[in-house]
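A.B. asks: Input: one structure, supplied below.
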Amino acid sequence: MSQQKILSRPSVGAFMSKYGIVVIFVGLCIILSIMSPVFLSMRNITNVIRQVSIIGIVSMGVTFAIITTGIDLSSGSMIALISVVVATLSQNAMNPDQPVSIVMPIAIAVAISLLLGIILGAVNGTLTAFGKIPPFIATLGMMTVARGAAALYTRGRPVGDLKETFTFIGTGSIFGIPLPIWIYLAMGILAHILLSKTKFGRHVFAIGGNEQAARICGINVEKTLVKVYAFAGFLTAVSAILLTARTSAGNPTYGLSYELDAIASTVIGGTSLSGGVGSIPFCVIGALIIGVLNNGMDLMGVNAYWQQIAKGVIIVAAVLIDARKQKRG
Amino acid sequence: MSQQKILSRPSVGAFMSKYGIVVIFVGLCIILSIMSPVFLSMRNITNVIRQVSIIGIVSMGVTFAIITTGIDLSSGSMIALISVVVATLSQNAMNPDQPVSIVMPIAIAVAISLLLGIILGAVNGTLTAFGKIPPFIATLGMMTVARGAAALYTRGRPVGDLKETFTFIGTGSIFGIPLPIWIYLAMGILAHILLSKTKFGRHVFAIGGNEQAARICGINVEKTLVKVYAFAGFLTAVSAILLTARTSAGNPTYGLSYELDAIASTVIGGTSLSGGVGSIPFCVIGALIIGVLNNGMDLMGVNAYWQQIAKGVIIVAAVLIDARKQKRG
Amino acid sequence: MNTEYVLEMKGVSKSFPGVKALKGVDLAIKKGTVHALMGENGAGKSTLMKVLYGIHQPDEGEIIFKGEPYEVKSPIDALTIGVSMIPQEISPVPNLTVASNVFLGKEIISKRGLKLLNQKKMVIETQKLFDELGIDIDPSVMMSKISIANAQLVAIATAVSYNADLVVMDEPTSALTDKEIDKLYKIIRDLKEKKNIAVIYISHKLDEIFSICDEVSVIRDGEFIGSDSIENFDKERLINMMVGRTMDEFFHKEEAEIGDVVLDVKNLTLSKKFEDVSFTLRQGEVLGVAGLMGAGRTEVMEAIFGYRPAESGEIFIDGIKAEISEPSDAIRHGIAFVTEDRKQTGIFPDLSIKDNIIMPDIDAYLKNGLLNGKKIKENCQEQREAIAIKTPTLEQLIKNLSGGNQQKVLISRWLLTTPEVLILDEPTRGIDVGAKSEIHRLIGELAKMGKSIIMVSSEMPEILSMSDRVMVMFEGKCSGIISREEATQEKILQLATGEKLSL
Amino acid sequence: NGQQEDGKILIGAAMSSFSDKGQTYLQDGVREFDAENDDVEVLMTDAKDDAAVQLNQIETLLVKGVDAIFIVPVDISALKPVFKKCKEDGVKVVIGNRMPAEELWGEFDVYTGSESIQAGILQAEWVAEAMQPEGGKVGIIMGPLGHEAARMRTEGNKQIFAKYDNIEIVMDAEGKWDRAKGMQIAENWIQSGANLDAVLCNNDEMAIGALLAAEGANLADDAIIIAGVDATPDALEYLGAGLDVTVFQNMNAQGYNGAIAAYKLAKGESVEKWDWIPFETVTPENMSEYK
Ligand SMILES: Nc1ncnc2c1ncn2[C@@H]1O[C@H](COP(=O)(O)OP(=O)(O)OP(=O)(O)O)[C@@H](O)[C@H]1O
Ligand SMILES: Nc1ncnc2c1ncn2[C@@H]1O[C@H](COP(=O)(O)OP(=O)(O)OP(=O)(O)O)[C@@H](O)[C@H]1O
Ligand SMILES: [Mg+2]
Ligand SMILES: [Mg+2]
């Protein structure tokens with residue numbers, strides 16, 4: 001974790017116990033590149049990172065929530081809701097078949113969607129911080145409500161015909177690198193600085209490490225929690241916009257069980273579900289492990305059934321081998 | 001919680017703080033019976049309980065896991081795997097189209113399936129207890145693997161044509177009460193006694209309350225955890241058998257996201273995700289709240305999208321109103 | 001307004017479900033004085049301080065701070081107005097560095113640019129603070145890596161660093177030994193004399209009260225009993241006010257008949273913790289174990305109990321070699337272990353007193369495989385009466401008991417396993433005089449009954465008055481074993497600091 | 001014959017999923033019928049693709065006292081208990097969209113729809129012909145493993161390709177009906193250098209994903225054949241512009257006809273047992289008929 005400094009001389013053991021998951025990741029990449037020569041091609045690498053970006057961005061918000069001993073189950077459904085909202089605001093033309101359809105500049109549509117993400121996240125945060133209900137339940141409720149609302153908003157149908165200026169966010173490139181990768185990078189830097197270099201981040205760790213101590217030190221636990229979930233909502237909205245732009249459509253079925261992949265990325269990245277520990281760079285590694293696995297198995301043409309089995313086994317194995325293993329819970 | 005007795009004179013406050021969720025449940029039933037007269041018909045009541053039995057039985061195992069500060073995400077997928085296994089062992093005749101198909105007495109098929117559940121659960125338990133990986137990851141891995149295995153086992157096909165003697169488990173009645181209800185009752189009594197009246201149950205609470213203190217008290221934490229997950233696996237297998245018998249088929253798609261409903265039932269029933277607190281009767285109430293909600297809204301013909309939204313809101317509201325609110329986490 | 005006082009609390013009441021913790025308590029603290037707040041376990045001292053610090057809201061009562069009405073909704077308010085506190089249960093954030101813990105809630109932020117944390121400056125400032133207070137802890141080390149004693153010093157430093165007008169110290173020395181306590185005295189004197197800061201000092205160690213405090217207030221059962229300057233007190237009067245009767249602070253153990261060797265520990269070693277520890281324990285004997293903080297006493301006891309088994313060495317029980325690789329082995333061999341850290345390794349907070357008591361020995365309460373509620377109730381009730389556990393009912397969750405009563409529950413837990421060897425690690429830490437005296441009497445009685453007792457303690461008078469023999473540890477090694485007759489404070493201190501005994 | 005107290009006929013419509021786009025058109029058909037007829041009330045339920053939930057909902061509809069029931073089965077192999085329950089209550093049953101196995105044909109009153117496998121067959125037949133004479137390699141992006149429509153469509157694909165010696169199925173993966181997932185799989189396949197000649201998708205959403213992937217990789221339109229199923233409005237937009245073929249099934253008619261059949265049965269009228277609404281292959285040539 002970024003929070004931990006290596007004590008005494010750096011030994012192999014200390015290195016492994018700090019960077020074990022990175023070693024596992026590198027090992028996985030080596031194995032995959034042997035089994036599929038194209039794996040390490042520049043094109044495939046951008047490919048993987050672009051694919052990872054959606055879950056990767058969500059998982060950074062989840063990391064914040066989990067560090068406070070929380071969780072966010074609503075991200076997948078929030079992606080669905082925000083994707084249909086941003087899609088109905090970014091269509092080339094009004095669509096009379098659709099319950100909602102408004103034509104407006106892309107910048108405004110994006111701003112509205114980000115705001116929606118922040119608001120939904122803040123609702124999660126308020127329920128858990130002020131309503132004192134477990135974040136599991138608060139975000140489970142949001143998960144159900146957001147998906148229902150998404151379906152209701154479009155009567156269960158996808159929303160296509162989006163402006164080129166909008167889809168460019170998901171399909172365009174700058175300096176030959178796809179925009180989603182740039183955005184992933186930017187969000188990563190933002191989240192990393194927030195978590196490790198600001199007062200807010202410090203308070204996040206304090207709440208997760210020992211909520212009572214945090215209170216006694218005068219930290220406003222409730223406000224901080226609301227901010228945490230609002231930030232997670234913001235990142236979810238960014239993801240939703242990317243996904244919508246990338247697929248040229250919004251759909252109330254989007255994001256199904258993304259929350260589990262996001263949580264898995266976070267935990268593989270060493271964030272402890274019992275709170276107080278975690279970091280963004282490792283969360284990125286966690287997301288990359290899952291992304292590389294999916295990509296590698298598709299590249300090798302592994303049978304769909306075996307893919308699932310292999311994925312489960314490898315995720316467990318990675319955490320099992322990881323020397324930084326968190327305690328249970 | 002069964003662990004708490006009312007202190008001093010029973011006051012309204014104390015009653016509410018202990019039985020708040022029961023009051024909420026009764027209130028919900030009253031509202032539904034006003035809105036839909038058939039709601040309280042004998043037939044509908046057996047109907048609801050039978051419907052609840054499947055998730056209800058799973059959620060009791062989940063309660064054990066959560067009390068130890070664990071979780072079980074694998075129950076839905078394990079239901080899928082066990083359902084196809086028990087189905088291929090309970091067909092009327094060998095089916096040459098199917099990869100696996102064996103004709104054997106029902107008792108043996110059921111026994112094998114229960115054993116499979118116990119083994120899969122024990123694998124979860126071993127990974128988390130001895131492998132020291134978070135139960136979230138261990139059971140997430142199992143979730144992925146079990147579903148993949150279920151699909152692989154039947155090449156993605158459902159398995160029908162089951163013996164009447166087998167489907168009787170899910171469709172038959174004794175004294176006019178459907179068998180699934182009897183089985184739910186039996187499992188409930190078993191789980192309740194195990195949790196509140198045995199050494200094993202006390203150890204479960206001890207591990208969840210303070211693992212280190214549990215070790216000092218000579219409790220074998222690892223063995224107890226393996227037993228907890230094995231028991232959860234057993235209950236999952238019971239559920240899978242009921243589901244298969246009830247629908248006359250096994251299917252690798254069964255049980256999708258049942259784990260979330262099971263966890264929600266448990267938490268609505270007041271089991272704290274931070275461990276150490278929980279009880280079976282309240283877990284039953286939690287499952288009934290979800291079951292009654294689904295049933296009531298179908299009876300009223302509430303639009304499916306609105307149903308989702310209402311369900312999310314009501315679950316959150318129930319936990320919000322519940323005076324026994326657990327602390328966050 | 002009387003400007004002589006920094007704080008006046010008038011008629012403060014506070015109830016919890018089933019307990020009236022404070023019943024109209026008055027407390028007045030003069031500026032620049034050290035004020036002892038005394039009372040038995042569960043008297044309401046911590047509750048009163050939590051009300052002051054904004055953790056609890058009072059049901060009724062009035063608080064005046066520096067002549068102004070004082071209303072706090074949370075610790076933030078208290079800190080802003082000028083009250084800081086070292087809580088009784090020191091609770092750092094384990095995965096942050098020491099410096100981050102000290103600056104928690106008041107982080108230093110770089111002036112320029114993005115308002116990011118100035119990590120370096122916080123470390124430097126912490127180092128400065130520690131130097132000033134004479135504390136030797138590396139500010140950039142993880143909090144989880146330092147000992148409880150050091151954590152307590154960090155908590156003291158943190159509370160002092162707020163520049164408050166009033167610092168509350170709720171049992172600040174419970175994990176400290178004499179050496180660190182002297183440091184604390186110096187810190188308190190500096191606060192008082194150089195900065196004119198008032199201190200509310202809560203402790204169960206009477207010597208401390210007489211060495212450092214200027215005034216004393218006593219509360220009993222949530223009621224204010226009285227307040228006076230320290231000169232007007234002696235130990236007897238103080239105890240009398242707290243307990244409502246006269247008694248000795250230390251019970252003087254009667255001679256018990258000492259029998260055969262029951263426990264024989266040979267060459268126990270665990271790398272980096274302790275080395276080559278050997279000693280014997282006879283039937284009916286109380287073996288005191290003394291040493292400075294971090295001497296490794298706790299680790300040796302944990303090893304004997306199988307909680308953290310030693311790498312090498314042998315343990316013989318009644319002359320037979322015992323293989324102890326986990327606590328259940330030790331329990332089977334008739335060993336019991338009351339640990340030093342109630343919260344970490346002792347209580348099950350969300351379980352009832354009864355469940356807490358029966359946990360190590362559930363087999364004894366089974367009837368046809370199920371728990372026998374009647375027997376549980378009888379045995380627990382017996383214990384409750386025997387060692388006076390103060391609680392409305394045995395169903396009460398243990399987390400709602402005061403610290404001292406929790407400790408009594410834990411001792412009951414192990415007495416009911418009918419052990420032959422009892423290991424008590426700091427058995428009277430945080431326990432009031434009354435209860436302490438009861439626990440000492442209990443130790444004496446158990447010895448008389450033929451039980452063998454190892455008592456690890458950092459309180460010299462306790463060691464001297466209770467032990468038949470004293471083992472002293474220094475840096476993980478046994479530096480000497482002396483008999484009751486030979487034992488003096490000086491000798492023990494010499495051994496504990498690694499000096500040779502001067503004859 | 002069973003009429004409600006208010007004189008209305010109560011029809012239960014146990015739908016498989018409200019979040020499957022194709023199904024929403026079928027549901028619209030049911031709603032249309034409901035809106036057109038004042039003497040009918042339709043109670044619609046969403047099984048969320050869960051056979052057990054559907055069984056629960058059918059039980060609930062029976063408790064509610066429906067006069068006839070229109071079912072789009074989640075799982076055709078789990079229909080036995082449904083038929084048993086309906087028979088016990090003497091409620092007539094219309095099955096829509098997914099055809100039950102032959103041994104159950106005696107158990108229901110009307111079937112409206114076609115055979116799921118037909119979609120896969122039509123899709124693969126068109127693709128196989130287009131691939132001649134060279135033949136080549138194909139990949140199949142499937143719906144959720146074990147899902148009825150996913151299974152039958154894939155099955156249909158395989159039946160056809162088995163007849164061609166020069167066509168080989170080299171890849172398959174689970175796209176879960178999801179456009180993003182389909183896109184991801186197709187991207188990875190394109191990267192893998194497998195040089196697929198055709199990608200068949202179990203539905204249009206995944207097919208659109210695949211064609212977006214091909215676009216993203218700058219593959220020429222004729223370098224790869226992409227096939228979907230459903231002929232959704234979105235898909236028709238892409239037909240000829242990356243998407244080569246899709247298969248239409250008149251979902252709206254299935255819903256509407258199913259509701260009529262249930263209504264008539266409830267009133268005691270006799271209805272033709274088989275109401276075939278076949279699949280149709282849609283290509284850029286004939287797409288104007290489907291817009
Ligand atoms: N949160 C709570 N809920 C219920 N009862 C409580 C709570 N906190 C304290 N009490 C009760 O209030 C009384 C006073 O407790 P308090 O902790 O103030 O005692 P104390 O004087 O600090 O004792 P000690 O010397 O053991 O620390 C006790 O009877 C205790 O059981
Ligand atoms: N500042 C420190 N940093 C790291 N480890 C420490 C530090 N202080 C002590 N320890 C470790 O803790 C061990 C023993 O500490 P502990 O306080 O439990 O000893 P003890 O003799 O039982 O003292 P006491 O029971 O009075 O607390 C030491 O052997 C040492 O390894
Ligand atoms: Mg106290
Ligand atoms: Mg110690």
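FYI, nothing fancy with the structure tokens labels: chains A, B, ... in order, residues from 1 per chain, ligands from 1 as they appear.
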Please return, as a PyMOL selection string, all residues of chain D lying within 7 Å of chain B when only C-alpha atoms are considered.
C.D. replies: chain D and resi 43-46+50+52+56-57+60-61+63-64+77-78+80-81+145-147+151
A.B. asks: How about saving the chosen residues, N, CA and C atoms kept, as a JSON list (two decimals), in the first residue's frame?
C.D. replies:
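So selection_16.json came out as:
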[["chain", "number", "residue", "atom", "x", "y", "z"],
["D", 43, "LEU", "N", -52.88, -8.84, -16.56],
["D", 43, "LEU", "CA", -51.91, -8.71, -15.47],
["D", 43, "LEU", "C", -50.59, -9.25, -15.96],
["D", 44, "MET", "N", -49.60, -8.38, -16.11],
["D", 44, "MET", "CA", -48.34, -8.83, -16.69],
["D", 44, "MET", "C", -47.27, -8.95, -15.63],
["D", 45, "THR", "N", -46.49, -10.01, -15.70],
["D", 45, "THR", "CA", -45.40, -10.18, -14.72],
["D", 45, "THR", "C", -44.08, -10.35, -15.44],
["D", 46, "ASP", "N", -43.00, -10.00, -14.75],
["D", 46, "ASP", "CA", -41.66, -10.06, -15.30],
["D", 46, "ASP", "C", -40.84, -11.08, -14.52],
["D", 50, "ASP", "N", -35.83, -15.89, -14.85],
["D", 50, "ASP", "CA", -35.62, -16.88, -13.80],
["D", 50, "ASP", "C", -36.83, -17.82, -13.77],
["D", 52, "ALA", "N", -37.74, -20.12, -11.76],
["D", 52, "ALA", "CA", -38.42, -20.26, -10.47],
["D", 52, "ALA", "C", -39.30, -19.04, -10.19],
["D", 56, "ASN", "N", -43.32, -18.88, -9.56],
["D", 56, "ASN", "CA", -43.93, -18.11, -8.47],
["D", 56, "ASN", "C", -45.01, -17.19, -9.00],
["D", 57, "GLN", "N", -44.68, -16.50, -10.08],
["D", 57, "GLN", "CA", -45.62, -15.51, -10.59],
["D", 57, "GLN", "C", -46.86, -16.16, -11.17],
["D", 60, "THR", "N", -49.00, -16.94, -8.37],
["D", 60, "THR", "CA", -49.64, -15.72, -7.90],
["D", 60, "THR", "C", -50.80, -15.32, -8.81],
["D", 61, "LEU", "N", -50.59, -15.44, -10.11],
["D", 61, "LEU", "CA", -51.67, -15.11, -11.06],
["D", 61, "LEU", "C", -52.87, -16.03, -10.86],
["D", 63, "VAL", "N", -53.70, -17.52, -8.07],
["D", 63, "VAL", "CA", -54.35, -17.09, -6.83],
["D", 63, "VAL", "C", -55.26, -15.90, -7.12],
["D", 64, "LYS", "N", -54.76, -15.04, -7.95],
["D", 64, "LYS", "CA", -55.51, -13.84, -8.31],
["D", 64, "LYS", "C", -56.76, -14.18, -9.13],
["D", 77, "SER", "N", -37.92, -26.41, -20.50],
["D", 77, "SER", "CA", -37.86, -27.71, -19.84],
["D", 77, "SER", "C", -38.42, -27.65, -18.42],
["D", 78, "ALA", "N", -38.74, -26.45, -17.95],
["D", 78, "ALA", "CA", -39.30, -26.33, -16.60],
["D", 78, "ALA", "C", -40.79, -26.03, -16.63],
["D", 80, "LYS", "N", -43.37, -28.33, -16.89],
["D", 80, "LYS", "CA", -44.27, -29.35, -16.35],
["D", 80, "LYS", "C", -45.07, -28.87, -15.16],
["D", 81, "PRO", "N", -44.40, -28.36, -14.12],
["D", 81, "PRO", "CA", -45.18, -27.92, -12.95],
["D", 81, "PRO", "C", -46.15, -26.78, -13.28],
["D", 145, "LEU", "N", -24.93, -18.38, -20.92],
["D", 145, "LEU", "CA", -24.82, -19.83, -21.01],
["D", 145, "LEU", "C", -26.05, -20.47, -20.40],
["D", 146, "GLY", "N", -26.68, -21.33, -21.16],
["D", 146, "GLY", "CA", -27.83, -22.05, -20.62],
["D", 146, "GLY", "C", -29.15, -21.35, -20.89],
["D", 147, "HIS", "N", -29.11, -20.12, -21.38],
["D", 147, "HIS", "CA", -30.35, -19.41, -21.69],
["D", 147, "HIS", "C", -31.01, -20.05, -22.91],
["D", 151, "ARG", "N", -29.17, -20.85, -26.37],
["D", 151, "ARG", "CA", -28.82, -22.25, -26.63],
["D", 151, "ARG", "C", -29.35, -22.68, -27.98]]
A.B. asks: Need the shell around A:Leu185: protein/DNA/RNA residues with any atom at most 12 Å away, counting only C-alpha atoms. Skip same-chain ones fewer than 4 positions apart. Format as a ChimeraX atom specification?
C.D. replies: /A:49-50,52-54,56-57,60,177-181,189-192,280-281,284
A.B. asks: Could you pull out the strand (DSSP E) residues of stretch 17-229 of chain D from DSSP and send them as JSON, numbers by chain?
C.D. replies: {"D": [40, 41, 42, 43, 44, 45, 46, 68, 69, 70, 71, 92, 93, 94, 95, 96, 110, 111, 112, 113, 136, 137, 138, 139, 140, 141, 142, 167, 168, 169, 170, 171, 172, 173, 174, 198, 199, 200, 201, 225, 226, 227]}
A.B. asks: Residues of chain B that have any atom at most 9 Å from an atom of chain A: could you tabulate them with the shortest-distance atom pair and the distance in Å to one decimal, using only C-alpha atoms, ordered by chain and increasing number, as a tab-separated table?
C.D. replies:
residue	atom	partner	partner_atom	distance
B:Thr68	CA	A:Gly329	CA	8.4
B:Thr69	CA	A:Gly329	CA	5.5
B:Gly70	CA	A:Gly329	CA	5.6
B:Ile71	CA	A:Gly329	CA	8.2
B:Leu127	CA	A:Leu320	CA	8.2
B:Thr128	CA	A:Arg328	CA	6.8
B:Ala129	CA	A:Arg328	CA	7.8
B:Gly131	CA	A:Leu320	CA	6.3
B:Lys132	CA	A:Arg328	CA	6.0
B:Ile133	CA	A:Arg328	CA	5.9
B:Pro134	CA	A:Arg328	CA	4.4
B:Pro135	CA	A:Arg328	CA	6.5
B:Phe136	CA	A:Gly329	CA	7.7
B:Ile137	CA	A:Val316	CA	6.4
B:Ala138	CA	A:Val316	CA	6.0
B:Thr139	CA	A:Val316	CA	8.9
B:Leu140	CA	A:Gly312	CA	7.3
B:Gly141	CA	A:Gly312	CA	4.1
B:Met142	CA	A:Gly312	CA	6.5
B:Met143	CA	A:Gly312	CA	7.5
B:Thr144	CA	A:Gly312	CA	5.1
B:Val145	CA	A:Ile309	CA	4.1
B:Ala146	CA	A:Ile309	CA	7.3
B:Arg147	CA	A:Gln308	CA	7.6
B:Gly148	CA	A:Tyr305	CA	4.9
B:Ala149	CA	A:Ile309	CA	6.6
B:Ala150	CA	A:Tyr305	CA	8.6
B:Ala151	CA	A:Tyr305	CA	6.2
B:Leu152	CA	A:Tyr305	CA	5.4
B:Arg155	CA	A:Tyr305	CA	8.2
B:Gly156	CA	A:Tyr305	CA	8.4
B:Leu260	CA	A:Leu140	CA	8.3
B:Ala264	CA	A:Ile137	CA	6.9
B:Val267	CA	A:Ile137	CA	7.5
B:Ile268	CA	A:Ile137	CA	8.2
B:Ser272	CA	A:Pro134	CA	8.2
B:Leu273	CA	A:Pro134	CA	7.6
B:Ser274	CA	A:Gly329	CA	8.3
B:Gly275	CA	A:Gly329	CA	8.9
B:Ala304	CA	A:Gly148	CA	8.0
B:Tyr305	CA	A:Gly148	CA	4.8
B:Trp306	CA	A:Gly148	CA	6.5
B:Gln307	CA	A:Gly148	CA	7.6
B:Gln308	CA	A:Gly148	CA	5.0
B:Ile309	CA	A:Val145	CA	4.1
B:Ala310	CA	A:Val145	CA	7.3
B:Lys311	CA	A:Thr144	CA	7.3
B:Gly312	CA	A:Gly141	CA	4.1
B:Val313	CA	A:Gly141	CA	6.2
B:Ile314	CA	A:Gly141	CA	8.3
B:Ile315	CA	A:Gly141	CA	6.5
B:Val316	CA	A:Gly141	CA	5.8
B:Val319	CA	A:Ile133	CA	6.5
B:Leu320	CA	A:Ile133	CA	6.1
B:Lys325	CA	A:Ile133	CA	6.6
B:Gln326	CA	A:Ile133	CA	7.0
B:Lys327	CA	A:Lys132	CA	6.4
B:Arg328	CA	A:Pro134	CA	4.4
B:Gly329	CA	A:Pro134	CA	5.4
A.B. asks: Mind listing the helix (DSSP H, G or I) residues of stretch 140-265 of chain A, per DSSP on the backbone, as a PyMOL selection string?
C.D. replies: chain A and resi 140-154+164-171+179-197+199-209+211-216+221-247+258-265
A.B. asks: All residues within 7 Å of ligand 3 are required, counting only C-alpha atoms and all ligand atoms; please report them as a list in words.
C.D. replies: Asn41, Gly42, Gly44, Lys45, Ser46, Gln88, Asp170, Ser402 and Gly403 of chain C
A.B. asks: What does the distance from atom CA of D:Gly258 to atom CA of D:Ser288 come to in Å, to one decimal?
C.D. replies: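 Those two atoms sit 26.5 Å apart.
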A.B. asks: So, with only C-alpha atoms and all ligand atoms as the atoms that count, which of C:Ser229, C:Gln283, C:Gln407, C:Thr339 lies closest to ligand 2?
C.D. replies: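 Ranking C:Ser229, C:Gln283, C:Gln407, C:Thr339 by distance to ligand 2, first place goes to C:Thr339.
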A.B. asks: Got a sec to pull out which chain C residues are within 7 Å of chain B, counting only C-alpha atoms, and send them as a list of chain:residue names?
C.D. replies: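 Listed by rising number, the hits are C:Gly18, C:Tyr307, C:Pro327, C:Ser328, C:Ile331, C:Gln344, C:Thr345, C:Gly346, C:Ile347, C:Phe348, C:Pro349, C:Asp350, C:Leu351, C:Met359, C:Pro360, C:Ile362, C:Gly369, C:Leu370, C:Leu371, C:Glu395.
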A.B. asks: Tell me, as a list in words, which residues lie within 10 Å of C:Glu171, counting only C-alpha atoms; anything in the same chain fewer than 6 positions away does not count.
C.D. replies: Ser46, Ile86, Pro87, Gln88, Glu89, Ile90, Gln152, Tyr201, Ile202, Ser203, His204, Lys205, Arg429 and Gly430 of chain C
A.B. asks: Those same residues, written as an mmCIF file, in the first residue's frame with C-alpha atoms?
C.D. replies:
data_model
loop_
_atom_site.group_PDB
_atom_site.id
_atom_site.type_symbol
_atom_site.label_atom_id
_atom_site.label_comp_id
_atom_site.auth_asym_id
_atom_site.auth_seq_id
_atom_site.Cartn_x
_atom_site.Cartn_y
_atom_site.Cartn_z
ATOM 1 C CA SER C 46 -15.457 8.112 31.653
ATOM 2 C CA ILE C 86 -6.955 10.965 25.863
ATOM 3 C CA PRO C 87 -9.765 8.430 25.858
ATOM 4 C CA GLN C 88 -9.646 5.470 28.199
ATOM 5 C CA GLU C 89 -9.601 2.962 25.393
ATOM 6 C CA ILE C 90 -6.677 4.311 23.421
ATOM 7 C CA GLN C 152 -0.431 5.394 24.873
ATOM 8 C CA TYR C 201 -6.553 13.099 35.590
ATOM 9 C CA ILE C 202 -8.309 9.764 36.015
ATOM 10 C CA SER C 203 -6.416 6.824 37.439
ATOM 11 C CA HIS C 204 -6.899 3.916 39.783
ATOM 12 C CA LYS C 205 -3.315 4.086 40.958
ATOM 13 C CA ARG C 429 -4.912 -2.977 35.009
ATOM 14 C CA GLY C 430 -7.562 -0.278 35.045
#
A.B. asks: Tell me which of C:Ser467, C:Asn232, C:Thr173, C:Ser110 sits closest to ligand 2, counting only C-alpha atoms and all ligand atoms.
C.D. replies: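 That would be C:Thr173, the residue with the smallest distance to ligand 2.
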